[in-house]
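S.K.: Sharing structure-v8.txt below, compact mmCIF, C-alpha atoms and all ligand atoms:
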# COMPACT_ATOMS: atom_id res chain seq x y z
CA MET A 131 -53.33 -16.81 -2.92
CA ALA A 132 -56.01 -19.34 -2.02
CA SER A 133 -55.86 -21.26 1.23
CA THR A 134 -54.33 -24.65 0.73
CA ASP A 135 -56.82 -26.05 3.21
CA ALA A 136 -59.81 -23.79 3.57
CA HIS A 137 -61.55 -26.01 6.08
CA GLY A 138 -58.53 -26.75 8.24
CA PRO A 139 -57.74 -29.91 10.11
CA LYS A 140 -60.49 -31.68 12.05
CA ALA A 141 -60.05 -32.66 15.66
CA ALA A 142 -61.47 -36.10 14.98
CA ASP A 143 -58.81 -36.91 12.39
CA PRO A 144 -55.44 -37.22 14.12
CA VAL A 145 -53.62 -37.42 10.79
CA LEU A 146 -54.62 -33.85 10.00
CA VAL A 147 -53.75 -32.36 13.38
CA PRO A 148 -50.60 -30.33 12.75
CA ASP A 149 -47.60 -30.41 15.05
CA VAL A 150 -47.65 -26.64 15.21
CA LEU A 151 -50.36 -23.99 14.90
CA VAL A 152 -49.04 -20.45 14.40
CA VAL A 153 -51.58 -17.81 15.37
CA GLY A 154 -50.71 -14.78 13.23
CA GLY A 155 -49.27 -14.77 9.72
CA GLY A 156 -47.20 -11.60 9.76
CA ILE A 157 -43.54 -11.96 8.88
CA ILE A 158 -42.68 -13.33 12.34
CA GLY A 159 -45.35 -16.04 12.27
CA LEU A 160 -44.53 -16.95 8.68
CA ALA A 161 -40.79 -17.17 9.36
CA VAL A 162 -41.49 -19.47 12.31
CA ALA A 163 -43.80 -21.59 10.15
CA TRP A 164 -41.34 -21.79 7.25
CA ARG A 165 -38.40 -22.74 9.46
CA ALA A 166 -40.49 -25.27 11.42
CA ALA A 167 -41.71 -26.88 8.18
CA GLN A 168 -38.10 -27.10 6.99
CA ARG A 169 -37.38 -29.07 10.16
CA GLY A 170 -40.04 -31.59 9.23
CA LEU A 171 -42.95 -30.32 11.33
CA ARG A 172 -46.51 -30.14 10.00
CA VAL A 173 -47.51 -26.50 10.39
CA THR A 174 -50.70 -24.47 10.05
CA VAL A 175 -50.76 -20.65 10.06
CA LEU A 176 -53.99 -18.93 11.08
CA ASP A 177 -54.42 -15.45 9.61
CA PRO A 178 -57.10 -13.77 7.45
CA ASP A 179 -54.48 -12.07 5.27
CA PRO A 180 -51.05 -13.68 5.68
CA GLY A 181 -47.97 -11.60 4.87
CA ARG A 182 -49.72 -8.31 5.55
CA GLY A 183 -49.12 -7.44 9.19
CA ALA A 184 -47.13 -4.51 10.57
CA ASN A 185 -44.57 -5.27 7.84
CA HIS A 186 -46.93 -3.65 5.34
CA VAL A 187 -46.20 -0.28 6.96
CA ALA A 188 -42.59 -0.83 8.12
CA ALA A 189 -39.66 0.79 6.32
CA GLY A 190 -37.29 -2.16 6.64
CA MET A 191 -34.17 -0.52 8.05
CA LEU A 192 -31.89 -3.25 9.47
CA ALA A 193 -29.98 -1.08 11.88
CA PRO A 194 -29.07 -2.71 15.21
CA VAL A 195 -25.95 -0.56 15.62
CA THR A 196 -27.42 2.77 14.50
CA GLU A 197 -30.51 2.29 16.67
CA LEU A 198 -28.60 1.15 19.76
CA GLN A 199 -30.18 2.33 23.02
CA TYR A 200 -28.48 2.53 26.42
CA GLY A 201 -29.30 -0.47 28.59
CA GLU A 202 -30.40 -2.64 25.64
CA GLU A 203 -27.16 -4.57 25.04
CA PRO A 204 -28.85 -8.04 25.04
CA LEU A 205 -31.25 -6.76 22.39
CA LEU A 206 -28.26 -5.40 20.45
CA ARG A 207 -26.67 -8.88 20.47
CA LEU A 208 -29.91 -10.44 19.22
CA GLY A 209 -30.20 -7.75 16.53
CA ILE A 210 -26.61 -8.26 15.40
CA ALA A 211 -27.13 -12.03 15.29
CA SER A 212 -30.16 -11.51 13.04
CA ASN A 213 -28.46 -8.85 10.89
CA GLU A 214 -25.48 -11.16 10.31
CA ARG A 215 -27.72 -13.91 8.95
CA TYR A 216 -29.89 -11.59 6.81
CA ALA A 217 -27.95 -11.97 3.57
CA ASP A 218 -28.19 -15.78 3.70
CA PHE A 219 -31.80 -15.64 4.89
CA ALA A 220 -32.75 -13.35 1.99
CA ALA A 221 -30.92 -15.53 -0.54
CA GLU A 222 -32.51 -18.73 0.80
CA LEU A 223 -35.95 -17.15 0.86
CA THR A 224 -35.55 -15.90 -2.70
CA GLU A 225 -34.56 -19.40 -3.75
CA ALA A 226 -37.46 -20.97 -1.85
CA SER A 227 -40.12 -18.53 -3.07
CA GLY A 228 -38.82 -17.42 -6.46
CA GLN A 229 -39.18 -13.80 -5.26
CA ASP A 230 -36.67 -11.09 -4.54
CA VAL A 231 -37.01 -9.49 -1.08
CA GLY A 232 -35.19 -6.22 -1.76
CA TYR A 233 -32.26 -6.89 0.58
CA ARG A 234 -29.81 -4.05 -0.03
CA ARG A 235 -26.37 -3.62 1.55
CA CYS A 236 -26.42 0.17 1.63
CA GLY A 237 -25.20 1.14 5.14
CA THR A 238 -26.78 3.80 7.35
CA LEU A 239 -25.80 7.41 7.97
CA ALA A 240 -27.06 9.04 11.18
CA VAL A 241 -26.74 12.84 11.21
CA ALA A 242 -27.21 15.75 13.61
CA LEU A 243 -28.37 19.29 12.83
CA ASP A 244 -27.77 21.39 15.92
CA ALA A 245 -25.24 21.37 18.75
CA ASP A 246 -27.48 19.40 21.14
CA ASP A 247 -28.27 16.72 18.56
CA ARG A 248 -24.59 16.51 17.65
CA ALA A 249 -23.62 16.08 21.31
CA GLU A 250 -26.19 13.28 21.68
CA LEU A 251 -24.94 11.54 18.54
CA ARG A 252 -21.34 11.89 19.76
CA GLU A 253 -22.35 10.11 22.98
CA VAL A 254 -24.02 7.31 21.04
CA HIS A 255 -20.95 7.00 18.83
CA ALA A 256 -18.67 6.72 21.88
CA PHE A 257 -20.99 4.06 23.34
CA GLN A 258 -20.94 2.13 20.05
CA ARG A 259 -17.13 2.27 20.05
CA ARG A 260 -16.92 1.07 23.66
CA LEU A 261 -18.96 -1.97 22.62
CA GLY A 262 -16.52 -2.63 19.76
CA LEU A 263 -19.08 -1.86 17.04
CA GLN A 264 -18.14 -0.73 13.53
CA THR A 265 -19.00 2.97 13.27
CA GLU A 266 -17.22 5.98 11.82
CA TRP A 267 -17.58 9.64 12.85
CA LEU A 268 -17.90 12.09 9.94
CA ASN A 269 -17.97 15.90 9.98
CA GLY A 270 -20.70 17.79 8.12
CA ARG A 271 -18.72 18.10 4.91
CA GLU A 272 -17.96 14.38 4.88
CA CYS A 273 -21.67 13.63 5.39
CA ARG A 274 -22.60 15.84 2.42
CA ARG A 275 -19.91 14.24 0.28
CA LEU A 276 -21.74 10.93 0.80
CA GLU A 277 -25.21 12.43 0.46
CA PRO A 278 -25.08 15.68 -1.55
CA MET A 279 -28.77 16.50 -0.97
CA LEU A 280 -28.23 16.90 2.80
CA ALA A 281 -28.87 20.35 4.24
CA PRO A 282 -25.84 22.65 4.58
CA ASP A 283 -26.33 22.84 8.35
CA VAL A 284 -25.84 19.11 9.00
CA ARG A 285 -23.07 19.22 11.61
CA GLY A 286 -21.79 15.69 11.65
CA GLY A 287 -22.81 12.08 11.74
CA THR A 288 -21.96 8.42 12.09
CA LEU A 289 -21.62 6.00 9.22
CA VAL A 290 -22.47 2.40 10.09
CA GLY A 291 -21.46 0.35 7.07
CA GLY A 292 -23.12 -2.86 8.33
CA ASP A 293 -26.68 -1.54 8.85
CA HIS A 294 -28.67 -2.29 5.70
CA GLN A 295 -32.30 -2.60 4.49
CA VAL A 296 -34.88 -5.05 3.18
CA ASP A 297 -38.31 -4.47 1.63
CA PRO A 298 -40.78 -5.67 4.29
CA ARG A 299 -43.70 -6.00 1.86
CA ARG A 300 -41.71 -8.22 -0.47
CA LEU A 301 -40.51 -10.13 2.58
CA GLY A 302 -44.11 -10.87 3.55
CA THR A 303 -45.08 -11.99 0.03
CA ALA A 304 -42.00 -14.19 -0.29
CA LEU A 305 -42.57 -15.80 3.10
CA VAL A 306 -46.17 -16.67 2.18
CA GLU A 307 -44.94 -18.35 -0.99
CA ALA A 308 -42.04 -20.14 0.76
CA CYS A 309 -44.48 -21.44 3.38
CA ARG A 310 -46.89 -22.62 0.72
CA ARG A 311 -44.12 -24.40 -1.19
CA SER A 312 -42.87 -26.09 1.96
CA GLY A 313 -46.28 -27.53 2.78
CA VAL A 314 -47.49 -25.07 5.44
CA THR A 315 -51.29 -24.86 5.58
CA LEU A 316 -52.61 -21.29 5.50
CA HIS A 317 -55.99 -21.09 7.20
CA ARG A 318 -57.59 -17.74 6.44
CA SER A 319 -59.48 -16.75 9.55
CA ARG A 320 -58.83 -15.23 12.97
CA ALA A 321 -58.41 -16.92 16.32
CA ALA A 322 -61.60 -16.65 18.36
CA ARG A 323 -60.47 -18.57 21.45
CA LEU A 324 -57.46 -20.42 22.75
CA LEU A 325 -58.32 -24.00 23.66
CA THR A 326 -56.82 -25.64 26.73
CA GLU A 327 -57.11 -29.13 28.14
CA ASN A 328 -55.66 -30.35 31.41
CA GLY A 329 -53.68 -27.14 31.86
CA ARG A 330 -52.19 -27.25 28.37
CA ALA A 331 -52.80 -25.27 25.15
CA VAL A 332 -54.19 -27.59 22.48
CA GLY A 333 -55.02 -25.15 19.67
CA VAL A 334 -57.64 -22.52 18.92
CA ARG A 335 -61.18 -22.17 17.72
CA ALA A 336 -61.19 -19.90 14.67
CA GLU A 337 -63.78 -17.21 13.92
CA ASP A 338 -65.03 -19.28 10.99
CA GLY A 339 -66.04 -21.98 13.50
CA VAL A 340 -63.24 -24.41 12.66
CA THR A 341 -61.31 -25.97 15.52
CA LEU A 342 -57.57 -26.16 14.90
CA ARG A 343 -55.78 -28.48 17.30
CA ALA A 344 -52.01 -28.75 17.52
CA GLY A 345 -49.22 -30.12 19.67
CA ALA A 346 -47.81 -26.62 20.09
CA THR A 347 -49.55 -23.29 19.57
CA VAL A 348 -47.33 -20.32 18.72
CA VAL A 349 -48.76 -16.90 19.43
CA ALA A 350 -47.34 -14.53 16.80
CA ALA A 351 -50.21 -12.08 16.57
CA GLY A 352 -48.20 -8.87 17.02
CA SER A 353 -50.05 -6.18 18.97
CA TRP A 354 -53.06 -8.51 19.38
CA SER A 355 -51.01 -11.26 21.05
CA GLY A 356 -52.28 -10.46 24.54
CA ASP A 357 -55.94 -10.24 23.51
CA LEU A 358 -56.72 -13.84 22.58
CA PRO A 359 -59.78 -14.94 24.60
CA GLY A 360 -59.03 -18.00 26.70
CA LEU A 361 -55.46 -16.98 27.51
CA PRO A 362 -54.84 -17.52 31.22
CA PRO A 363 -53.57 -14.27 32.79
CA GLU A 364 -50.18 -15.75 33.68
CA ALA A 365 -49.55 -16.69 30.02
CA ARG A 366 -50.77 -13.43 28.50
CA PRO A 367 -47.95 -11.81 26.51
CA PRO A 368 -47.47 -8.26 27.88
CA VAL A 369 -47.75 -6.43 24.56
CA ARG A 370 -49.40 -3.15 23.70
CA PRO A 371 -49.81 -1.37 20.35
CA VAL A 372 -47.39 1.51 19.64
CA LYS A 373 -48.62 3.45 16.65
CA GLY A 374 -46.22 4.53 13.92
CA GLN A 375 -47.16 6.79 11.02
CA VAL A 376 -45.11 6.49 7.85
CA LEU A 377 -45.16 8.13 4.44
CA ARG A 378 -43.84 7.05 1.07
CA LEU A 379 -42.44 9.36 -1.61
CA ARG A 380 -41.10 8.77 -5.10
CA MET A 381 -37.45 9.81 -5.58
CA GLU A 382 -36.09 11.09 -8.83
CA THR A 383 -32.44 11.29 -9.79
CA VAL A 384 -31.19 14.85 -9.32
CA GLN A 385 -30.09 16.09 -12.74
CA GLY A 386 -26.86 18.06 -13.16
CA PRO A 387 -23.37 17.63 -14.57
CA LEU A 388 -23.21 14.40 -12.53
CA PRO A 389 -26.72 12.96 -12.01
CA THR A 390 -27.00 12.16 -8.29
CA PRO A 391 -29.41 9.80 -6.52
CA PHE A 392 -31.66 11.77 -4.19
CA LEU A 393 -30.53 9.53 -1.31
CA SER A 394 -28.20 6.51 -1.54
CA ARG A 395 -28.30 4.94 1.93
CA ASN A 396 -30.54 4.79 5.01
CA LEU A 397 -30.58 8.14 6.76
CA ARG A 398 -31.40 8.59 10.41
CA ALA A 399 -31.40 11.73 12.51
CA VAL A 400 -32.33 13.35 15.74
CA VAL A 401 -33.97 16.68 14.86
CA ARG A 402 -34.34 18.79 18.01
CA GLY A 403 -34.74 15.61 20.03
CA CYS A 404 -37.17 13.87 17.59
CA HIS A 405 -36.02 10.70 15.82
CA ILE A 406 -36.63 10.27 12.11
CA TYR A 407 -35.44 7.85 9.45
CA LEU A 408 -35.53 7.72 5.66
CA VAL A 409 -35.09 4.48 3.73
CA PRO A 410 -34.41 4.80 -0.03
CA ARG A 411 -35.14 1.77 -2.18
CA GLU A 412 -33.55 0.91 -5.48
CA ASN A 413 -36.95 1.18 -7.20
CA GLY A 414 -37.18 4.88 -6.25
CA GLU A 415 -39.47 4.53 -3.23
CA LEU A 416 -38.43 6.63 -0.23
CA VAL A 417 -39.99 5.65 3.10
CA VAL A 418 -40.05 8.28 5.85
CA GLY A 419 -40.89 7.25 9.42
CA ALA A 420 -42.05 7.12 12.01
CA THR A 421 -44.09 8.57 14.82
CA MET A 422 -44.22 6.77 18.19
CA GLU A 423 -47.70 7.12 19.67
CA GLU A 424 -49.50 5.42 22.55
CA GLN A 425 -53.02 5.52 21.04
CA GLY A 426 -54.26 1.99 21.58
CA PHE A 427 -55.38 0.25 18.40
CA ASP A 428 -56.01 3.48 16.49
CA THR A 429 -54.41 3.55 13.01
CA THR A 430 -55.67 6.90 11.80
CA VAL A 431 -53.20 8.83 9.68
CA THR A 432 -53.20 12.38 11.03
CA ALA A 433 -52.19 15.71 9.56
CA GLY A 434 -50.10 16.34 12.68
CA GLY A 435 -48.20 13.08 12.37
CA LEU A 436 -47.37 13.65 8.71
CA TYR A 437 -46.54 17.30 9.36
CA GLU A 438 -43.95 16.33 11.99
CA LEU A 439 -42.33 13.78 9.70
CA LEU A 440 -42.18 16.14 6.72
CA ARG A 441 -41.07 19.10 8.81
CA ASP A 442 -38.10 17.13 10.19
CA ALA A 443 -37.33 15.43 6.87
CA ARG A 444 -37.21 18.83 5.13
CA GLU A 445 -34.66 20.11 7.63
CA LEU A 446 -32.39 17.22 6.65
CA LEU A 447 -33.12 17.13 2.93
CA PRO A 448 -34.65 20.45 1.80
CA GLY A 449 -35.43 19.04 -1.66
CA ILE A 450 -37.80 16.48 -0.21
CA THR A 451 -40.84 18.74 -0.53
CA GLU A 452 -40.52 18.51 -4.33
CA LEU A 453 -41.00 14.73 -4.37
CA PRO A 454 -44.38 13.16 -5.19
CA LEU A 455 -46.20 11.78 -2.15
CA ILE A 456 -47.26 8.21 -2.94
CA GLU A 457 -48.77 6.77 0.20
CA THR A 458 -49.40 7.33 3.89
CA ASN A 459 -49.96 4.61 6.51
CA ALA A 460 -50.08 3.92 10.20
CA GLY A 461 -49.09 0.59 11.76
CA LEU A 462 -48.96 -0.90 15.23
CA ARG A 463 -45.71 -2.13 16.75
CA PRO A 464 -46.15 -4.75 19.48
CA GLY A 465 -44.39 -2.98 22.36
CA THR A 466 -43.28 -4.76 25.53
CA PRO A 467 -42.28 -3.34 28.93
CA ASP A 468 -38.56 -3.60 28.08
CA ASN A 469 -38.83 -3.06 24.28
CA ALA A 470 -37.51 -6.59 23.65
CA PRO A 471 -39.36 -9.53 22.09
CA LEU A 472 -41.02 -12.45 23.83
CA LEU A 473 -39.51 -15.67 22.52
CA GLY A 474 -40.17 -19.22 23.65
CA PRO A 475 -42.24 -21.02 26.26
CA THR A 476 -44.98 -19.25 28.17
CA ALA A 477 -46.44 -20.13 31.57
CA LEU A 478 -49.01 -22.33 29.78
CA PRO A 479 -47.53 -25.62 28.55
CA GLY A 480 -47.99 -26.00 24.82
CA LEU A 481 -48.18 -22.24 24.23
CA VAL A 482 -45.07 -20.62 22.74
CA ALA A 483 -44.50 -16.88 22.23
CA ALA A 484 -43.01 -15.26 19.12
CA THR A 485 -44.17 -11.70 19.58
CA GLY A 486 -43.43 -8.31 21.13
CA HIS A 487 -40.80 -7.30 18.57
CA HIS A 488 -41.73 -3.62 18.92
CA ARG A 489 -39.46 -1.55 16.61
CA ASN A 490 -37.44 -4.56 15.48
CA GLY A 491 -39.80 -7.04 13.84
CA VAL A 492 -38.24 -6.87 10.38
CA LEU A 493 -34.69 -7.02 11.72
CA LEU A 494 -35.44 -9.92 14.08
CA THR A 495 -37.39 -12.08 11.61
CA PRO A 496 -34.51 -14.44 10.70
CA VAL A 497 -33.32 -15.01 14.27
CA THR A 498 -36.88 -15.47 15.53
CA GLY A 499 -37.75 -18.04 12.86
CA ASP A 500 -34.61 -20.01 13.67
CA ALA A 501 -35.00 -19.77 17.46
CA ILE A 502 -38.65 -20.78 17.65
CA ALA A 503 -38.23 -23.61 15.13
CA ALA A 504 -35.29 -24.88 17.21
CA PHE A 505 -37.39 -24.68 20.35
CA LEU A 506 -40.30 -26.53 18.73
CA THR A 507 -38.06 -29.38 17.62
CA THR A 508 -35.55 -29.64 20.50
CA GLY A 509 -37.20 -27.96 23.49
CA GLN A 510 -34.19 -25.62 23.75
CA LEU A 511 -33.82 -22.01 22.71
CA PRO A 512 -30.50 -21.05 21.10
CA PRO A 513 -28.28 -18.97 23.46
CA GLU A 514 -28.93 -15.65 21.69
CA ALA A 515 -32.70 -16.05 22.24
CA ALA A 516 -32.58 -17.42 25.79
CA PRO A 517 -32.65 -13.99 27.54
CA PHE A 518 -35.98 -13.19 25.88
CA THR A 519 -38.40 -15.77 27.26
CA PRO A 520 -41.64 -14.37 28.70
CA ALA A 521 -40.47 -15.72 32.08
CA ARG A 522 -38.54 -12.49 32.62
CA PHE A 523 -41.86 -10.78 33.39
CA ALA A 524 -43.01 -13.46 35.83
CA PRO A 525 -39.93 -14.41 37.88
CA GLN A 526 -42.03 -15.78 40.72
CA LEU A 527 -43.34 -18.64 38.55
CA PRO A 528 -41.56 -21.99 38.36
CA GLU A 529 -39.57 -22.54 35.18
CA PHE A 530 -41.92 -22.75 32.22
CA THR A 531 -42.40 -26.02 30.45
CA ARG A 532 -43.11 -26.82 26.86
N1 LIG B 1 -38.06 0.15 13.27
C1 LIG B 1 -38.55 1.42 13.07
C2 LIG B 1 -39.82 1.72 13.69
O1 LIG B 1 -40.40 0.95 14.42
O2 LIG B 1 -40.31 2.80 13.48
Take the structure in this file and express it as structure tokens.

M.R.:
Amino acid sequence: MASTDAHGPKAADPVLVPDVLVVGGGIIGLAVAWRAAQRGLRVTVLDPDPGRGANHVAAGMLAPVTELQYGEEPLLRLGIASNERYADFAAELTEASGQDVGYRRCGTLAVALDADDRAELREVHAFQRRLGLQTEWLNGRECRRLEPMLAPDVRGGTLVGGDHQVDPRRLGTALVEACRRSGVTLHRSRAARLLTENGRAVGVRAEDGVTLRAGATVVAAGSWSGDLPGLPPEARPPVRPVKGQVLRLRMETVQGPLPTPFLSRNLRAVVRGCHIYLVPRENGELVVGATMEEQGFDTTVTAGGLYELLRDARELLPGITELPLIETNAGLRPGTPDNAPLLGPTALPGLVAATGHHRNGVLLTPVTGDAIAAFLTTGQLPPEAAPFTPARFAPQLPEFTR
């Protein structure tokens, strides 16, 4: 899609200066832009290829309960809040863009293969129950009744009926179109430097030489969010890239007296301590992910990474090695020190964070769009987003201002 304003607003023309400049047009930046435009703000998104960030690699499992980690209860609440609004978000986005986003209410089965993995899953299940979450324990036979292609040695699992999926690529495409239709300007370039005046962010200079000024600048640049030249150290989002390798296969229906889908719902497992997930789409695509690697900005797909994924996937679903391999990718999750996102005001007035979503960018897209748009229009973050301001990493600073 062509830029709606290839030259961008000019500093000398106040009419063209947007209220909000979003640096980064991945699904987080686009959701912020779309929601802010719906609230009447004039918004520009700066990105060379909007809609094609880490979401292009992501599988799209929406699984706050299945992926619960000890000590991350606030993140669980944010994830549940986002998951609960996903159906409406997807429907509204489809209406606004004219494009389906592949939201599928399929549930998630997490399984264990050996005694240690089963014990770990039992612990997680007990923790989920203590928190009042909807989860059901199944023995191995019950797991195979749901998913007949599972290996005979699957020993048990949890079924979380409320953890679903969306297609992150379609999500990106639909958000670009929804933004375009709601009047968001897409400026196709990269940020070269953050501009500040009198201790306040006032926009950026883009790599194409254009200066984009705005009342508020939202940094939504994923793993690159901390690297923008001109960021004062105290306002630098503490993000780092966490590499994830993913592969895509093509499923075929298993023929027999009763033709069976190869896999009907999201499948997650711990295989000898390694975490793996498989996300089957209605169109036959099966996404298998993902490695977790601290390799800086490297996105090389390696034989070792794919070997580990396929080795573990085959233990769960022995028939997987028969499926055609369609695609391999590596993406970069924006990790933070506590694995939770950075939402809201930074230490630099005028600079707002919407980044650091780590493993949860797709899940947290609806709640992030709503929270940041609310902040941009009211100066307040909704309660579910309030624990995630960047201030938690700089407690010695006075309260941040807009
Ligand atoms: N959300 C899954 C991942 O980051 O691999």

S.K.: As JSON, numbers by chain, please: every protein or nucleic acid residue near ligand LIG 1 (chain B) (cut-off 10 Å, counting only C-alpha atoms and all ligand atoms).

M.R.: {"A": [184, 185, 187, 188, 189, 190, 191, 192, 193, 194, 197, 372, 373, 374, 375, 376, 405, 406, 407, 418, 419, 420, 421, 422, 461, 462, 463, 464, 465, 487, 488, 489, 490, 491, 492, 493]}

S.K.: Calculated over all atoms listed in the file, which of the candidates A:Arg370, A:Arg259, A:Arg215, A:Arg235 has the smallest distance to Val296 of chain A?

M.R.: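 Checking each of A:Arg370, A:Arg259, A:Arg215, A:Arg235 against Val296 of chain A, counting all atoms listed in the file, the winner is A:Arg235.
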
S.K.: Excluding Arg252 of chain A and any residue of its chain fewer than 2 positions from it, enumerate the residues within 10 Å of it, using all atoms listed in the file, and give them as a PyMOL selection string.

M.R.: chain A and resi 242+246-250+254-258+267+286-288

S.K.: Could you check which of A:Pro448, A:Pro368, A:Gly156, A:Pro471 is closest to Leu205 of chain A, using all atoms listed in the file?

M.R.: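 Looking at the shortest contact to Leu205 of chain A, the residue is A:Pro471.
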
S.K.: Pick out the closest residue to Ala483 of chain A from this set: A:Cys309, A:Leu160, A:Val152, A:Leu289. Count only C-alpha atoms.

M.R.: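 Nearest to Ala483 of chain A: A:Val152.
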
S.K.: At most 6 Å from (-57.3, -17.1, 5.6), file frame, only C-alpha atoms: which residues, as a PyMOL selection string?

M.R.: chain A and resi 177-179+317-319

S.K.: Please determine, counting all atoms listed in the file, which residue among A:Arg234, A:His294, A:Arg285, A:Arg330 has the shortest atom-to-atom distance to Thr347 of chain A.

M.R.: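 The shortest atom-to-atom distance to Thr347 of chain A comes from A:Arg330.
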
S.K.: Could you tell me how far atom CA of Thr238 of chain A lies from atom CA of Pro298 of chain A, in Å and to one decimal?

M.R.: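 Rounded to one decimal, the two atoms are 17.2 Å apart.
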
S.K.: Could you check the closest approach to Leu416 of chain A for each of A:Gly183, A:Gly333, A:Pro454, A:Gly302 and tell me which residue wins, using all atoms listed in the file?

M.R.: A:Pro454

S.K.: Between A:Leu239, A:Ala281, A:Ala161, A:Leu208, which has the minimum distance to Leu408 of chain A (counting all atoms listed in the file)?

M.R.: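 Smallest separation from Leu408 of chain A among the options: A:Leu239.
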
S.K.: First collect every listed atom of segment 274-290 of chain A; then fit an axis-aligned box around them, widen it by 6 Å on each side, and give centre and edge lengths in Å to one decimal, as JSON.

M.R.:
{"center_x": -24.4, "center_y": 12.6, "center_z": 5.3, "size_x": 21.0, "size_y": 32.4, "size_z": 25.6}

S.K.: Need the neighbours of (-29.7, 20.7, 6.9): which residues are at most 10 Å away, counting all atoms listed in the file, as a ChimeraX atom specification?

M.R.: /A:241-244,270,274,279-285,401,442-448

S.K.: Could you state the separation of atom CA of Gln229 of chain A and atom CA of Glu214 of chain A in Å, given to one decimal place?

M.R.: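 For atom CA of Gln229 of chain A relative to atom CA of Glu214 of chain A, the distance reads 20.9 Å.
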
S.K.: May I ask for the distance between atom CA of Asn269 of chain A and atom CA of Leu206 of chain A, given in Å to one decimal place?

M.R.: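 Here the two named atoms are 25.9 Å from each other.
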
S.K.: Near Gly237 of chain A, within 12 Å and counting only C-alpha atoms, which residues show up once chain neighbours fewer than 4 positions away are dropped, as a ChimeraX atom specification?

M.R.: /A:191-196,213,233,264-266,276,288-296,393-398,409-410
